[in-house]
$ cat work.txt   # compact mmCIF, C-alpha atoms
# COMPACT_ATOMS: atom_id res chain seq x y z
CA MET R 17 17.00 10.93 -24.15
CA VAL R 18 13.91 9.67 -22.33
CA SER R 19 11.00 12.12 -22.55
CA LEU R 20 8.98 12.65 -19.34
CA ARG R 21 5.88 14.49 -18.21
CA THR R 22 5.24 15.08 -14.53
CA GLY R 23 2.57 16.20 -12.09
CA HIS R 24 2.59 16.71 -8.34
CA VAL R 25 0.25 17.55 -5.46
CA SER R 26 0.91 18.05 -1.74
CA VAL R 27 -1.99 18.82 0.62
CA THR R 28 -2.51 19.20 4.36
CA GLY R 29 -5.49 16.83 4.30
CA ASN R 30 -8.72 16.73 6.29
CA TYR R 31 -7.39 16.09 9.79
CA ARG R 32 -4.09 18.01 10.07
CA GLU R 33 -3.43 21.67 10.82
CA ASN R 34 -0.26 21.92 8.73
CA ASN R 35 1.56 20.03 6.00
CA GLU R 36 4.66 18.18 7.21
CA ASP R 37 5.26 16.72 3.72
CA SER R 38 7.62 18.25 1.16
CA CYS R 39 8.29 17.42 -2.47
CA TYR R 40 10.97 18.42 -4.96
CA ILE R 41 11.31 18.16 -8.75
CA ASP R 42 14.37 19.74 -10.32
CA GLY R 43 13.95 21.91 -13.42
CA GLN R 44 15.58 19.35 -15.72
CA GLN R 45 13.42 16.45 -14.47
CA ARG R 46 16.40 14.47 -13.23
CA LEU R 47 15.53 14.29 -9.55
CA PHE R 48 12.19 13.71 -7.81
CA ILE R 49 11.76 13.53 -4.02
CA VAL R 50 8.88 13.11 -1.57
CA ALA R 51 9.58 13.56 2.16
CA ASP R 52 7.15 13.05 5.05
CA GLY R 53 8.24 14.79 8.25
CA MET R 54 7.56 13.67 11.82
CA GLY R 55 8.16 14.88 15.35
CA GLY R 56 5.40 17.40 15.86
CA GLN R 57 4.29 20.35 13.78
CA SER R 58 7.28 22.64 13.33
CA ALA R 59 9.75 19.76 13.72
CA GLY R 60 8.19 17.58 11.02
CA GLU R 61 7.88 20.47 8.59
CA ARG R 62 11.47 21.49 9.24
CA ALA R 63 12.84 17.97 8.78
CA SER R 64 11.13 17.31 5.44
CA ALA R 65 12.04 20.77 4.14
CA LEU R 66 15.68 20.20 5.12
CA ALA R 67 15.73 16.82 3.36
CA VAL R 68 14.50 18.26 0.04
CA GLU R 69 17.03 21.08 0.34
CA LEU R 70 20.14 19.16 1.43
CA ILE R 71 19.81 15.97 -0.63
CA PRO R 72 19.43 17.61 -4.07
CA ARG R 73 22.27 20.01 -3.35
CA ARG R 74 24.64 17.17 -2.45
CA ILE R 75 23.54 14.98 -5.38
CA GLU R 76 24.12 17.82 -7.85
CA GLN R 77 27.61 18.38 -6.42
CA LEU R 78 28.61 14.72 -6.72
CA LEU R 79 26.70 13.16 -9.63
CA ASP R 80 27.28 13.26 -13.38
CA PHE R 81 23.69 12.84 -14.59
CA GLU R 82 24.82 12.05 -18.15
CA LYS R 83 27.10 9.07 -17.66
CA ALA R 84 27.45 7.84 -14.06
CA ASN R 85 27.28 4.05 -13.66
CA ALA R 86 24.99 2.24 -11.22
CA LYS R 87 27.71 1.80 -8.58
CA THR R 88 28.50 5.52 -8.59
CA VAL R 89 24.81 6.47 -8.45
CA GLY R 90 24.36 4.21 -5.43
CA GLU R 91 27.35 5.73 -3.64
CA VAL R 92 26.16 9.29 -4.33
CA LEU R 93 22.62 8.59 -3.12
CA GLU R 94 23.94 7.01 0.08
CA LYS R 95 26.32 9.94 0.71
CA SER R 96 23.52 12.44 0.11
CA ILE R 97 21.15 10.65 2.48
CA SER R 98 23.92 10.31 5.07
CA HIS R 99 24.64 14.04 4.84
CA ALA R 100 20.97 14.95 5.39
CA ASN R 101 20.72 12.41 8.21
CA SER R 102 23.71 13.91 10.06
CA GLU R 103 22.46 17.48 9.63
CA ILE R 104 18.95 16.66 10.86
CA ILE R 105 20.28 14.75 13.89
CA ALA R 106 22.66 17.63 14.71
CA LEU R 107 19.89 20.22 14.51
CA SER R 108 17.51 18.12 16.62
CA GLU R 109 20.15 17.97 19.35
CA VAL R 110 20.71 21.74 19.60
CA GLU R 111 17.16 23.08 19.17
CA PRO R 112 14.81 21.92 21.97
CA GLY R 113 11.68 22.36 19.82
CA LEU R 114 13.09 19.98 17.21
CA ARG R 115 14.15 17.24 19.63
CA ASN R 116 12.39 14.29 17.97
CA MET R 117 12.31 15.47 14.38
CA GLY R 118 12.82 13.15 11.43
CA THR R 119 11.55 12.51 7.93
CA THR R 120 11.00 9.75 5.44
CA VAL R 121 12.44 10.18 1.95
CA VAL R 122 11.69 8.48 -1.35
CA MET R 123 13.58 9.47 -4.52
CA MET R 124 13.71 8.84 -8.22
CA VAL R 125 16.91 9.88 -10.01
CA ARG R 126 17.30 9.88 -13.80
CA VAL R 127 20.84 9.20 -15.02
CA ALA R 128 21.28 8.92 -18.80
CA ASP R 129 18.61 6.38 -19.86
CA ARG R 130 18.06 4.77 -16.46
CA PHE R 131 15.97 5.50 -13.38
CA PHE R 132 17.12 4.78 -9.83
CA PHE R 133 14.80 4.57 -6.81
CA ILE R 134 15.63 4.63 -3.10
CA GLY R 135 13.53 5.06 0.01
CA VAL R 136 14.11 5.52 3.74
CA GLY R 137 11.05 5.13 5.97
CA ASP R 138 7.59 4.37 4.58
CA SER R 139 7.11 6.82 1.71
CA ARG R 140 6.92 4.70 -1.43
CA ALA R 141 7.76 4.48 -5.12
CA TYR R 142 5.59 2.49 -7.54
CA GLU R 143 5.96 1.44 -11.16
CA LEU R 144 2.98 0.80 -13.45
CA ARG R 145 4.02 -1.12 -16.57
CA THR R 146 1.57 -2.78 -18.99
CA GLY R 147 -1.17 -2.58 -16.37
CA LYS R 148 0.87 -4.21 -13.58
CA LEU R 149 1.66 -2.24 -10.42
CA ARG R 150 4.90 -2.91 -8.56
CA GLN R 151 6.18 -1.33 -5.35
CA LEU R 152 9.84 -0.38 -5.91
CA THR R 153 10.76 0.47 -2.30
CA THR R 154 10.46 -1.40 1.00
CA ASP R 155 8.84 0.16 4.06
CA HIS R 156 11.16 0.47 7.07
CA SER R 157 8.23 -0.06 9.43
CA VAL R 158 7.65 -2.47 12.29
CA THR R 159 4.67 -4.03 10.49
CA GLN R 160 6.73 -4.65 7.33
CA ALA R 161 9.41 -6.36 9.45
CA LEU R 162 6.71 -8.54 11.04
CA LEU R 163 5.28 -9.31 7.58
CA ASP R 164 8.74 -10.26 6.29
CA THR R 165 9.20 -12.79 9.10
CA GLY R 166 5.69 -14.20 8.63
CA THR R 167 4.62 -13.14 12.14
CA ILE R 168 1.54 -11.32 10.84
CA SER R 169 -0.58 -11.58 7.69
CA PRO R 170 -1.08 -8.80 5.10
CA GLU R 171 -4.64 -8.41 6.42
CA GLU R 172 -3.39 -7.97 9.99
CA ALA R 173 -0.77 -5.46 8.80
CA LYS R 174 -3.48 -3.06 7.54
CA THR R 175 -4.79 -2.40 11.05
CA HIS R 176 -1.75 -3.31 13.18
CA ARG R 177 -1.15 -0.89 16.05
CA TYR R 178 2.49 -0.41 14.97
CA ARG R 179 1.80 0.10 11.28
CA ASN R 180 3.04 3.71 11.34
CA VAL R 181 6.04 3.05 13.63
CA LEU R 182 9.33 3.29 11.74
CA TYR R 183 12.65 1.73 12.73
CA LYS R 184 14.57 3.70 10.09
CA TYR R 185 14.12 7.29 8.85
CA ILE R 186 16.22 10.37 8.15
CA GLY R 187 17.11 11.70 11.60
CA SER R 188 17.54 8.27 13.23
CA ARG R 189 20.89 6.71 14.14
CA ASP R 190 20.41 4.04 11.49
CA GLY R 191 18.84 6.40 8.94
CA ALA R 192 21.79 6.52 6.56
CA ASN R 193 22.43 2.79 6.25
CA GLY R 194 21.19 -0.07 4.16
CA ALA R 195 18.41 1.34 1.95
CA ASN R 196 18.00 -0.70 -1.23
CA ILE R 197 18.35 0.90 -4.66
CA THR R 198 16.17 -0.27 -7.55
CA GLU R 199 17.38 0.36 -11.11
CA ILE R 200 14.86 0.55 -13.97
CA VAL R 201 15.32 0.83 -17.72
CA PRO R 202 12.19 2.85 -18.59
CA ARG R 203 9.92 1.98 -21.49
CA PRO R 204 7.44 4.23 -23.31
CA GLY R 205 4.12 4.08 -21.48
CA ASP R 206 5.64 3.42 -18.05
CA ARG R 207 4.14 5.39 -15.18
CA PHE R 208 5.83 6.01 -11.85
CA MET R 209 4.51 7.42 -8.60
CA LEU R 210 6.26 8.66 -5.47
CA CYS R 211 3.99 9.21 -2.46
CA SER R 212 3.85 9.80 1.27
CA ASP R 213 2.04 7.15 3.32
CA GLY R 214 -1.03 9.39 3.51
CA LEU R 215 -1.80 8.21 -0.02
CA ASN R 216 -1.30 4.45 0.26
CA ASP R 217 -2.95 4.38 3.71
CA GLY R 218 -6.13 5.49 1.95
CA LEU R 219 -5.89 3.46 -1.28
CA ASP R 220 -5.20 -0.18 -2.04
CA SER R 221 -3.11 -1.35 -5.00
CA THR R 222 -6.18 -2.00 -7.20
CA GLU R 223 -7.36 1.57 -6.77
CA ILE R 224 -3.85 3.01 -7.28
CA THR R 225 -3.54 1.02 -10.51
CA ARG R 226 -6.92 2.23 -11.78
CA LEU R 227 -6.20 5.88 -11.00
CA LEU R 228 -2.65 5.83 -12.43
CA GLN R 229 -4.21 4.75 -15.75
CA SER R 230 -7.16 7.15 -15.57
CA SER R 231 -5.72 10.01 -17.65
CA ASN R 232 -2.83 10.92 -19.95
CA ASP R 233 -2.22 14.14 -18.01
CA PRO R 234 0.15 13.46 -15.07
CA GLN R 235 -1.10 16.49 -13.13
CA GLU R 236 -4.70 15.28 -13.42
CA VAL R 237 -3.61 11.78 -12.33
CA ALA R 238 -1.82 13.17 -9.26
CA GLU R 239 -4.87 15.25 -8.32
CA LYS R 240 -7.20 12.26 -8.72
CA LEU R 241 -4.97 10.04 -6.55
CA VAL R 242 -4.76 12.59 -3.74
CA LYS R 243 -8.53 13.32 -3.83
CA ALA R 244 -9.31 9.60 -3.75
CA ALA R 245 -7.03 9.05 -0.74
CA LEU R 246 -8.72 11.90 1.15
CA ASP R 247 -12.19 10.70 0.15
CA ALA R 248 -11.26 7.22 1.42
CA GLY R 249 -10.52 8.67 4.85
CA SER R 250 -6.74 9.18 4.92
CA ARG R 251 -5.96 11.04 8.14
CA ASP R 252 -2.51 12.30 7.12
CA ASN R 253 -0.96 14.87 4.81
CA VAL R 254 -0.97 13.49 1.26
CA THR R 255 1.77 14.05 -1.32
CA CYS R 256 2.07 12.48 -4.74
CA VAL R 257 4.45 12.86 -7.71
CA VAL R 258 3.46 11.20 -11.00
CA VAL R 259 5.91 10.64 -13.88
CA ILE R 260 4.78 9.42 -17.32
CA VAL R 261 7.35 8.15 -19.85
CA ASP R 262 6.47 9.11 -23.45

$ encode --input "work.txt" --output "structure tokens"
Amino acid sequence: MVSLRTGHVSVTGNYRENNEDSCYIDGQQRLFIVADGMGGQSAGERASALAVELIPRRIEQLLDFEKANAKTVGEVLEKSISHANSEIIALSEVEPGLRNMGTTVVMMVRVADRFFFIGVGDSRAYELRTGKLRQLTTDHSVTQALLDTGTISPEEAKTHRYRNVLYKYIGSRDGANGANITEIVPRPGDRFMLCSDGLNDGLDSTEITRLLQSSNDPQEVAEKLVKAALDAGSRDNVTCVVVIVD
């Protein structure tokens, strides 16, 4: 069995009054989630909290963590996201104060000797292997769509007025459909990070790479990453989960 060590930090940040992010790590280190809520203070907090409550519960009902194959894992993750999506939409329609609530979600699931990653919205998963950083999820943002079609350049994307506008998230009509799943066979020394966009808005890939390698203690790494994002001027809540494979 793969041996893991983990660290996590979630902070309100320098410019927000409350933390609309949530994170979840189950006691057996099989499931890791970061969610970034939106829709105003109580609504965003409620949406992200619901996501990290509903999704793990449904995954644990449906998934055999010891021997499920990739197809089954994909189906379970989609069903779990769909369930959370329906519940959040339903609640937003009956409670006036939650009218526009939604949340991003990024997950890492460990099944037997494999890791599976999925994201909805613009919270991200990264892999650091032999010094090379790779983003494992795709942002469901307007700027990413414009980048994909070649309409704007990566430089323009950094300051584009729609860079934080999402076309898919949990709580949207399309929130349950079409998220890509990335499967990884972990190797000793691999490092993985899940984060809300408050982290990568403040740090570029060079800085993320440097900080992910800066210590052998995953909690210290997570704390350094979050501090660096805040020091660099991130204006959002910042949440980070770090996983080191031994």

$ atom_distance --input "work.txt" --atom1 "atom CA of R:Asp247" --atom2 "atom CA of R:Ile134"
28.7 Å

$ closest_residue --input "work.txt" --among "R:Asp37, R:Leu114, R:Thr119, R:Val92" --to "R:Val25" --atoms "only C-alpha atoms"
R:Asp37

$ closest_residue --input "work.txt" --among "R:Met124, R:Leu246, R:Leu144, R:Val259" --to "R:Asn216" --atoms "all atoms listed in the file"
R:Leu246

$ atom_distance --input "work.txt" --atom1 "atom CA of R:Val136" --atom2 "atom CA of R:Thr175"
21.8 Å

$ residues_around --input "work.txt" --residues "R:Leu78" --least-positions-apart "2" --cutoff "12 Å" --atoms "all atoms listed in the file" --output "VMD selection string"
chain R and resid 71 to 76 80 to 81 84 88 to 96

$ residues_near_point --input "work.txt" --point "(-1.0, 6.7, 4.6)" --cutoff "8 Å" --atoms "only C-alpha atoms" --output "PDB file with C-alpha atoms, in the frame of the given file"
ATOM      1  CA  SER R 212       3.850   9.800   1.270  1.00  0.00           C
ATOM      2  CA  ASP R 213       2.040   7.150   3.320  1.00  0.00           C
ATOM      3  CA  GLY R 214      -1.030   9.390   3.510  1.00  0.00           C
ATOM      4  CA  LEU R 215      -1.800   8.210  -0.020  1.00  0.00           C
ATOM      5  CA  ASN R 216      -1.300   4.450   0.260  1.00  0.00           C
ATOM      6  CA  ASP R 217      -2.950   4.380   3.710  1.00  0.00           C
ATOM      7  CA  GLY R 218      -6.130   5.490   1.950  1.00  0.00           C
ATOM      8  CA  SER R 250      -6.740   9.180   4.920  1.00  0.00           C
ATOM      9  CA  ARG R 251      -5.960  11.040   8.140  1.00  0.00           C
ATOM     10  CA  ASP R 252      -2.510  12.300   7.120  1.00  0.00           C
ATOM     11  CA  VAL R 254      -0.970  13.490   1.260  1.00  0.00           C
TER      12      VAL R 254
END

$ atom_distance --input "work.txt" --atom1 "atom CA of R:Ala192" --atom2 "atom CA of R:Ser38"
19.2 Å

$ closest_residue --input "work.txt" --among "R:Arg145, R:Lys243, R:Lys83, R:Lys174" --to "R:Asp129" --atoms "only C-alpha atoms"
R:Lys83

$ axis_aligned_box --input "work.txt" --around "stretch 126-134 of chain R" --padding-each-side "3 Å" --output "JSON"
{"center_x": 18.0, "center_y": 7.2, "center_z": -11.5, "size_x": 12.5, "size_y": 11.3, "size_z": 22.8}

$ residues_near_point --input "work.txt" --point "(10.0, 2.4, 12.7)" --cutoff "7 Å" --atoms "only C-alpha atoms" --output "PDB file with C-alpha atoms, in the coordinates of the input"
ATOM      1  CA  HIS R 156      11.160   0.470   7.070  1.00  0.00           C
ATOM      2  CA  SER R 157       8.230  -0.060   9.430  1.00  0.00           C
ATOM      3  CA  VAL R 158       7.650  -2.470  12.290  1.00  0.00           C
ATOM      4  CA  VAL R 181       6.040   3.050  13.630  1.00  0.00           C
ATOM      5  CA  LEU R 182       9.330   3.290  11.740  1.00  0.00           C
ATOM      6  CA  TYR R 183      12.650   1.730  12.730  1.00  0.00           C
ATOM      7  CA  LYS R 184      14.570   3.700  10.090  1.00  0.00           C
TER       8      LYS R 184
END

$ closest_residue --input "work.txt" --among "R:Glu61, R:Gly23, R:Val18, R:Val50" --to "R:Pro234" --atoms "all atoms listed in the file"
R:Gly23

$ residues_around --input "work.txt" --residues "R:Ala65" --least-positions-apart "4" --cutoff "12 Å" --atoms "only C-alpha atoms" --output "list in words"
Asn35, Glu36, Asp37, Ser38, Cys39, Tyr40, Ile49, Val50, Ala51, Asp52, Gly53, Met54, Ser58, Ala59, Gly60, Glu61, Glu69, Leu70, Ile71, Pro72, Ala100, Ile104, Met117, Gly118, Thr119, Thr120, Val121 and Ile186 of chain R

$ closest_residue --input "work.txt" --among "R:Leu107, R:Leu79, R:Leu20, R:Ala245" --to "R:Ser221" --atoms "all atoms listed in the file"
R:Ala245

$ closest_residue --input "work.txt" --among "R:Thr159, R:Ser188, R:Asn85, R:Thr28" --to "R:Asn116" --atoms "all atoms listed in the file"
R:Ser188

$ build_atoms --input "work.txt" --residues "stretch 221-232 of chain R" --atoms "all heavy atoms" --output "compact mmCIF listing (two decimals), keeping the file's coordinate frame"
# COMPACT_ATOMS: atom_id res chain seq x y z
N SER R 221 -3.86 -1.29 -3.74
CA SER R 221 -3.11 -1.35 -5.00
C SER R 221 -4.04 -1.38 -6.22
O SER R 221 -3.70 -0.82 -7.27
CB SER R 221 -2.18 -2.57 -5.02
OG SER R 221 -2.91 -3.75 -4.78
N THR R 222 -5.22 -1.97 -6.08
CA THR R 222 -6.18 -2.00 -7.20
C THR R 222 -6.62 -0.59 -7.58
O THR R 222 -6.67 -0.22 -8.75
CB THR R 222 -7.42 -2.85 -6.83
OG1 THR R 222 -6.98 -4.14 -6.44
CG2 THR R 222 -8.38 -2.96 -8.00
N GLU R 223 -6.90 0.21 -6.54
CA GLU R 223 -7.36 1.57 -6.77
C GLU R 223 -6.22 2.46 -7.30
O GLU R 223 -6.42 3.30 -8.19
CB GLU R 223 -7.93 2.15 -5.47
CG GLU R 223 -8.69 3.44 -5.62
CD GLU R 223 -9.98 3.32 -6.42
OE1 GLU R 223 -10.29 2.23 -6.96
OE2 GLU R 223 -10.69 4.33 -6.53
N ILE R 224 -5.01 2.27 -6.78
CA ILE R 224 -3.85 3.01 -7.28
C ILE R 224 -3.63 2.70 -8.76
O ILE R 224 -3.41 3.60 -9.57
CB ILE R 224 -2.59 2.70 -6.45
CG1 ILE R 224 -2.71 3.29 -5.04
CG2 ILE R 224 -1.33 3.26 -7.13
CD1 ILE R 224 -1.61 2.86 -4.08
N THR R 225 -3.71 1.43 -9.12
CA THR R 225 -3.54 1.02 -10.51
C THR R 225 -4.58 1.69 -11.41
O THR R 225 -4.25 2.25 -12.46
CB THR R 225 -3.66 -0.52 -10.64
OG1 THR R 225 -2.67 -1.12 -9.81
CG2 THR R 225 -3.46 -0.97 -12.08
N ARG R 226 -5.84 1.64 -10.98
CA ARG R 226 -6.92 2.23 -11.78
C ARG R 226 -6.70 3.73 -11.98
O ARG R 226 -6.81 4.25 -13.10
CB ARG R 226 -8.26 1.99 -11.08
CG ARG R 226 -9.47 2.50 -11.86
CD ARG R 226 -10.76 2.32 -11.08
NE ARG R 226 -10.90 3.26 -9.97
CZ ARG R 226 -11.25 4.54 -10.12
NH1 ARG R 226 -11.49 5.05 -11.33
NH2 ARG R 226 -11.37 5.32 -9.06
N LEU R 227 -6.34 4.43 -10.92
CA LEU R 227 -6.20 5.88 -11.00
C LEU R 227 -4.95 6.29 -11.78
O LEU R 227 -4.96 7.30 -12.50
CB LEU R 227 -6.17 6.48 -9.60
CG LEU R 227 -7.52 6.43 -8.87
CD1 LEU R 227 -7.35 6.64 -7.38
CD2 LEU R 227 -8.50 7.44 -9.46
N LEU R 228 -3.87 5.51 -11.67
CA LEU R 228 -2.65 5.83 -12.43
C LEU R 228 -2.90 5.73 -13.94
O LEU R 228 -2.21 6.38 -14.73
CB LEU R 228 -1.51 4.88 -12.03
CG LEU R 228 -0.60 5.34 -10.89
CD1 LEU R 228 0.40 4.25 -10.53
CD2 LEU R 228 0.14 6.62 -11.25
N GLN R 229 -3.89 4.94 -14.33
CA GLN R 229 -4.21 4.75 -15.75
C GLN R 229 -5.36 5.65 -16.21
O GLN R 229 -5.76 5.60 -17.37
CB GLN R 229 -4.61 3.29 -16.02
CG GLN R 229 -3.52 2.29 -15.73
CD GLN R 229 -3.97 0.86 -15.94
OE1 GLN R 229 -3.59 0.22 -16.91
NE2 GLN R 229 -4.81 0.35 -15.05
N SER R 230 -5.88 6.49 -15.31
CA SER R 230 -7.16 7.15 -15.57
C SER R 230 -7.07 8.34 -16.52
O SER R 230 -8.09 8.83 -17.00
CB SER R 230 -7.80 7.59 -14.24
OG SER R 230 -6.99 8.60 -13.64
N SER R 231 -5.87 8.84 -16.78
CA SER R 231 -5.72 10.01 -17.65
C SER R 231 -4.32 10.02 -18.24
O SER R 231 -3.40 9.39 -17.70
CB SER R 231 -5.95 11.29 -16.83
OG SER R 231 -5.56 12.44 -17.57
N ASN R 232 -4.15 10.76 -19.34
CA ASN R 232 -2.83 10.92 -19.95
C ASN R 232 -2.12 12.15 -19.44
O ASN R 232 -0.99 12.44 -19.83
CB ASN R 232 -2.97 10.99 -21.47
CG ASN R 232 -2.10 9.94 -22.15
OD1 ASN R 232 -1.32 9.26 -21.49
ND2 ASN R 232 -2.26 9.80 -23.45
